[in-house]
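Trainee: The following block contains the structure, expressed as C-alpha cells.
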Amino acid sequence: MQGRVVVVTGASAGVGRATAVEFGRRGDRVALLARGTTGLDAAAREVEAVGGTALPIVTDVADYDQVEAAAARAEGELGPIDIWVNNAFSAVFAPFTKVSMAEFRRTTEVTYLGYVHGTKAALDRMLPRDRGALVHVGSALAYRGIPLQSAYCGAKHAIQGFHESLRCELLHERANVHTTMVQLPAVNTPQFDWVLNRLPEHPQPVPPIYQPEVIARQIVYAADHPQRREYVVGASAVATIFGNRLAAGVLDRYLAATGYGSQQTGEPARPDRPANLWEPADAESGHDFGAHGSFDESATRFSLQGWLTRTGLSPTLVNLGAAVVAGTKMVAQEPRAFVDALRNKPS
C-alpha cells in the first residue's frame, strides 16, 4: 500500500492538509492542490517531514483546465495516479435570502463541480490502466440539509448523487477503478475562521467536534478499501443520517429551533475576518492557517465508531449502535425542542 501516487484537493488546510500528511506518513508521493501558496508550501513541508514526497500545485478546482493541468503535472513528476481525493470546498454562512446568486454559484462550482472536474481528470488516466481509487469527502449534510448552509448542503447532496451514479457505471463496466465516499461529522478546521459569514456571531461547527486527523485516518483507510460505497465518521454523523431516514420532518422542526444557535459561538463576528470564497484566505495576509481551527479545546482526537468500522466488524451494527447513543445525547441536550418537534409545533 505504500509509495503510491496520491492527489488531494483542498490540501492547504483543514481535512485536506491532515489527509495529505497522513498519506505522506506512509511514504506516499502526494500532489497537493489548492489556491493559497502559503498554506500549500507549509503543507508540503509537513508531508516531507513525515517521510512522504510532496508536490504543491496551485489550482482552483472550479476551473477544469487548471485541474487537468495539475493532473498532468502530477503524473509527469510523481508517476501514474493511484488515488484521487476530492476534498476542496467553499461555503457561505447565511440564510439563503442573504446569499447573492454569484456567491451561491461560486460555492457550487468549487464544492460540487470541483469534484466533477477532479473525477474526470482522474478517470481519464485510471480507466485506461484499469486501476485506481476515487475518494469523495462528503458530510452528514450530504443527506441532511441544515439552516444557514444552503449552498454547501446543496453541493454535498449533488456530490452524493454524482457518486452513486458513477459507482453504478463503474460496476456496470466491471472496472477495477472504484469510487467511495466518506461522510463527515463536525470538524475543527479553519473554515470557521475564513468562510464568508453574514451571521451576527462567529460561526462554529455543531458539536460534537472532531479533529481533522480523525477524518484523515478514515480517508486513507477508504482509499485502501474503496469497494465499500461509503464510510461514515463519528457517531453524530451516523445519528444525523439515520434520523433523517426515519423522521425527516421531525428533524426539520428540531433544526429550525436549534440550528441557528448551535452554529454560532455567542461571540460577535469580527468585521475584518478573511473570506476565502473568491480568493484564498492566505493571499493577502501570508498567514498559514494549518489543519486545525480555533476549537482545539472542545474537539476530540478519537472516534470509537470510526475505529470500529476499520476493524472488520459489521459497519451496519457499529453504526446502528452509534446512532442510538448519539441520538439519545442529542435529545438530552435539547429536550424541549425535540418534544415540540414531535408535536409538530414551532419551538
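Quick note on naming: the chains in the C-alpha cells go A, B, ... in the order shown, residues restart at 1 in each chain, and ligands are numbered from 1 in order of appearance.
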What are the closest atom pairs, with distances in Å to one decimal, for each residue of range 223-315 of chain A lying within 9 Å of range 162-178 of chain A, using only C-alpha atoms, rows by chain and rising residue number, as a tab-separated table?
Mentor:
residue	atom	partner	partner_atom	distance
A:Pro226	CA	A:His178	CA	5.7
A:Gln227	CA	A:His178	CA	6.1
A:Arg228	CA	A:His178	CA	8.9
A:Arg229	CA	A:Arg167	CA	7.8
Trainee: Would you save the residues from that selection as a PDB file, in the first residue's frame, using N, CA and C atoms?
Mentor:
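Once written, selection_4.pdb looks like this:
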ATOM      1  N   PRO A 226     -11.638   0.875  -1.235  1.00  0.00           N
ATOM      2  CA  PRO A 226     -12.652   1.699  -1.901  1.00  0.00           C
ATOM      3  C   PRO A 226     -13.853   0.926  -2.435  1.00  0.00           C
ATOM      4  N   GLN A 227     -13.874  -0.390  -2.222  1.00  0.00           N
ATOM      5  CA  GLN A 227     -15.005  -1.169  -2.727  1.00  0.00           C
ATOM      6  C   GLN A 227     -16.290  -0.864  -1.945  1.00  0.00           C
ATOM      7  N   ARG A 228     -16.166  -0.454  -0.690  1.00  0.00           N
ATOM      8  CA  ARG A 228     -17.354  -0.089   0.089  1.00  0.00           C
ATOM      9  C   ARG A 228     -17.896   1.230  -0.439  1.00  0.00           C
ATOM     10  N   ARG A 229     -19.207   1.346  -0.583  1.00  0.00           N
ATOM     11  CA  ARG A 229     -19.792   2.522  -1.244  1.00  0.00           C
ATOM     12  C   ARG A 229     -19.614   3.785  -0.431  1.00  0.00           C
TER      13      ARG A 229
END
Trainee: Write out as a PyMOL selection string the set of residues from range 90-171 of chain A that DSSP, computed on the backbone, places in strand (DSSP E).
Mentor: chain A and resi 92-93+132-137
Trainee: From the list A:Tyr64, A:Ser298, A:His157, A:Ala74, which residue is nearest Pro207 in chain A when using only C-alpha atoms?
Mentor: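 For Pro207 in chain A, the nearest of the given residues is A:Ser298.
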Trainee: One decimal, in Å: what's the spacing between CA of Arg45 in chain A and CA of Asp28 in chain A?
Mentor: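 Computing it gives 14.0 Å between the two atoms.
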Trainee: As an exercise, work out the distance from CA of Tyr260 in chain A to CA of Gln211 in chain A in Å and give it to one decimal place.
Mentor: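 Answer for the CA of Tyr260 in chain A to CA of Gln211 in chain A separation: 22.6 Å.
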Trainee: Of the residues A:Val30, A:Ala291, A:Met126, A:Val135, which is the one nearest to Pro190 in chain A, using only C-alpha atoms?
Mentor: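 For Pro190 in chain A, the nearest of the candidates is A:Ala291.
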Trainee: Skipping near chain neighbours, those fewer than 6 positions away, what residues fall within 9 Å of Leu199 in chain A using only C-alpha atoms, listed as a list in words?
Mentor: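 So, after excluding close chain neighbours, the residues are Phe93, Ala94, Pro95, Leu148, Gln264, Pro268 and Ala269 of chain A.
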Trainee: Nearest to Gln183 in chain A among A:Gly27, A:Pro280, A:Gly154, A:Gly306, with distances taken over only C-alpha atoms: which residue is it?
Mentor: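 Using only C-alpha atoms, Gln183 in chain A sits closest to A:Gly306.
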Trainee: Which residue is closest to Gln305 in chain A? Choose from A:Leu255, A:Ile81, A:Val214, A:Ala140 and count only C-alpha atoms.
Mentor: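 Closest residue, counting only C-alpha atoms: A:Val214.
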Trainee: Residues within 7 Å of Gln263 in chain A, please, as a VMD selection string. Count only C-alpha atoms; anything in the same chain fewer than 5 positions from it doesn't count.
Mentor: chain A and resid 203 to 206
Trainee: For the residues selected in the previous step, produce a file with all heavy atoms as a PDB file, in the first residue's frame.
Mentor:
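Result went into part14.pdb, see below:
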ATOM      1  N   PRO A 203     -19.122  31.897  13.488  1.00  0.00           N
ATOM      2  CA  PRO A 203     -19.687  30.572  13.231  1.00  0.00           C
ATOM      3  C   PRO A 203     -18.882  29.471  13.912  1.00  0.00           C
ATOM      4  O   PRO A 203     -17.684  29.630  14.197  1.00  0.00           O
ATOM      5  CB  PRO A 203     -19.618  30.449  11.712  1.00  0.00           C
ATOM      6  CG  PRO A 203     -18.490  31.338  11.320  1.00  0.00           C
ATOM      7  CD  PRO A 203     -18.492  32.479  12.299  1.00  0.00           C
ATOM      8  N   GLN A 204     -19.536  28.350  14.148  1.00  0.00           N
ATOM      9  CA  GLN A 204     -18.873  27.193  14.743  1.00  0.00           C
ATOM     10  C   GLN A 204     -19.476  25.913  14.197  1.00  0.00           C
ATOM     11  O   GLN A 204     -20.622  25.903  13.723  1.00  0.00           O
ATOM     12  CB  GLN A 204     -19.013  27.196  16.267  1.00  0.00           C
ATOM     13  CG  GLN A 204     -20.428  26.914  16.764  1.00  0.00           C
ATOM     14  CD  GLN A 204     -20.501  26.715  18.260  1.00  0.00           C
ATOM     15  OE1 GLN A 204     -19.505  26.841  18.958  1.00  0.00           O
ATOM     16  NE2 GLN A 204     -21.682  26.417  18.764  1.00  0.00           N
ATOM     17  N   PRO A 205     -18.722  24.810  14.245  1.00  0.00           N
ATOM     18  CA  PRO A 205     -19.298  23.512  13.891  1.00  0.00           C
ATOM     19  C   PRO A 205     -20.271  23.066  14.981  1.00  0.00           C
ATOM     20  O   PRO A 205     -20.095  23.393  16.154  1.00  0.00           O
ATOM     21  CB  PRO A 205     -18.080  22.587  13.820  1.00  0.00           C
ATOM     22  CG  PRO A 205     -17.036  23.249  14.664  1.00  0.00           C
ATOM     23  CD  PRO A 205     -17.296  24.715  14.601  1.00  0.00           C
ATOM     24  N   VAL A 206     -21.299  22.327  14.576  1.00  0.00           N
ATOM     25  CA  VAL A 206     -22.283  21.842  15.547  1.00  0.00           C
ATOM     26  C   VAL A 206     -21.662  20.703  16.349  1.00  0.00           C
ATOM     27  O   VAL A 206     -21.282  19.675  15.789  1.00  0.00           O
ATOM     28  CB  VAL A 206     -23.556  21.355  14.837  1.00  0.00           C
ATOM     29  CG1 VAL A 206     -24.562  20.840  15.853  1.00  0.00           C
ATOM     30  CG2 VAL A 206     -24.160  22.467  13.995  1.00  0.00           C
TER      31      VAL A 206
END
Trainee: Of the residues A:Asp41, A:Asp272, A:Glu75, A:Glu48, which is the one nearest to Gly286 in chain A, using only C-alpha atoms?
Mentor: A:Asp41
Trainee: Quick one: distance from CA of Gly24 in chain A to CA of Val232 in chain A in Å, one decimal?
Mentor: 23.1 Å
Trainee: Near range 103-105 of chain A, counting only C-alpha atoms, which residues have an atom at most 9 Å away, once you skip same-chain residues fewer than 3 positions from it, shown as a PDB file with N, CA and C atoms, in the first residue's frame?
Mentor:
ATOM      1  N   ALA A  91     -17.945  27.825   1.092  1.00  0.00           N
ATOM      2  CA  ALA A  91     -19.270  27.902   1.709  1.00  0.00           C
ATOM      3  C   ALA A  91     -19.599  29.345   2.063  1.00  0.00           C
ATOM      4  N   VAL A  92     -20.867  29.569   2.356  1.00  0.00           N
ATOM      5  CA  VAL A  92     -21.346  30.852   2.854  1.00  0.00           C
ATOM      6  C   VAL A  92     -22.232  30.575   4.052  1.00  0.00           C
ATOM      7  N   PHE A  96     -30.473  31.741   3.208  1.00  0.00           N
ATOM      8  CA  PHE A  96     -30.454  31.727   1.748  1.00  0.00           C
ATOM      9  C   PHE A  96     -30.791  33.097   1.155  1.00  0.00           C
ATOM     10  N   VAL A  99     -27.802  35.381   0.572  1.00  0.00           N
ATOM     11  CA  VAL A  99     -26.705  34.902  -0.268  1.00  0.00           C
ATOM     12  C   VAL A  99     -26.949  35.372  -1.692  1.00  0.00           C
ATOM     13  N   SER A 100     -25.964  36.065  -2.280  1.00  0.00           N
ATOM     14  CA  SER A 100     -26.132  36.508  -3.663  1.00  0.00           C
ATOM     15  C   SER A 100     -26.027  35.314  -4.601  1.00  0.00           C
ATOM     16  N   THR A 108     -21.110  26.446  -5.455  1.00  0.00           N
ATOM     17  CA  THR A 108     -21.454  25.232  -6.195  1.00  0.00           C
ATOM     18  C   THR A 108     -20.332  24.820  -7.137  1.00  0.00           C
ATOM     19  N   GLU A 109     -19.724  25.798  -7.805  1.00  0.00           N
ATOM     20  CA  GLU A 109     -18.647  25.489  -8.744  1.00  0.00           C
ATOM     21  C   GLU A 109     -17.434  24.884  -8.038  1.00  0.00           C
ATOM     22  N   VAL A 110     -17.119  25.389  -6.852  1.00  0.00           N
ATOM     23  CA  VAL A 110     -15.971  24.855  -6.115  1.00  0.00           C
ATOM     24  C   VAL A 110     -16.327  23.517  -5.473  1.00  0.00           C
ATOM     25  N   SER A 150     -27.230  26.624   2.969  1.00  0.00           N
ATOM     26  CA  SER A 150     -27.976  26.080   1.831  1.00  0.00           C
ATOM     27  C   SER A 150     -27.082  25.774   0.638  1.00  0.00           C
ATOM     28  N   ALA A 151     -26.111  26.633   0.332  1.00  0.00           N
ATOM     29  CA  ALA A 151     -25.249  26.396  -0.832  1.00  0.00           C
ATOM     30  C   ALA A 151     -24.365  25.176  -0.604  1.00  0.00           C
ATOM     31  N   TYR A 152     -23.785  25.079   0.567  1.00  0.00           N
ATOM     32  CA  TYR A 152     -22.911  23.954   0.890  1.00  0.00           C
ATOM     33  C   TYR A 152     -23.704  22.647   0.922  1.00  0.00           C
ATOM     34  N   LEU A 277     -13.932  32.829  -0.273  1.00  0.00           N
ATOM     35  CA  LEU A 277     -14.801  32.386  -1.362  1.00  0.00           C
ATOM     36  C   LEU A 277     -14.194  32.712  -2.729  1.00  0.00           C
ATOM     37  N   TRP A 278     -13.712  33.923  -2.889  1.00  0.00           N
ATOM     38  CA  TRP A 278     -13.194  34.361  -4.181  1.00  0.00           C
ATOM     39  C   TRP A 278     -11.678  34.278  -4.261  1.00  0.00           C
TER      40      TRP A 278
END
Trainee: Using only C-alpha atoms, which of A:Ala121, A:Val15, A:Ala49, A:Leu246 sits nearest Ala69 in chain A?
Mentor: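 Looking at the shortest contact to Ala69 in chain A, the residue is A:Ala121.
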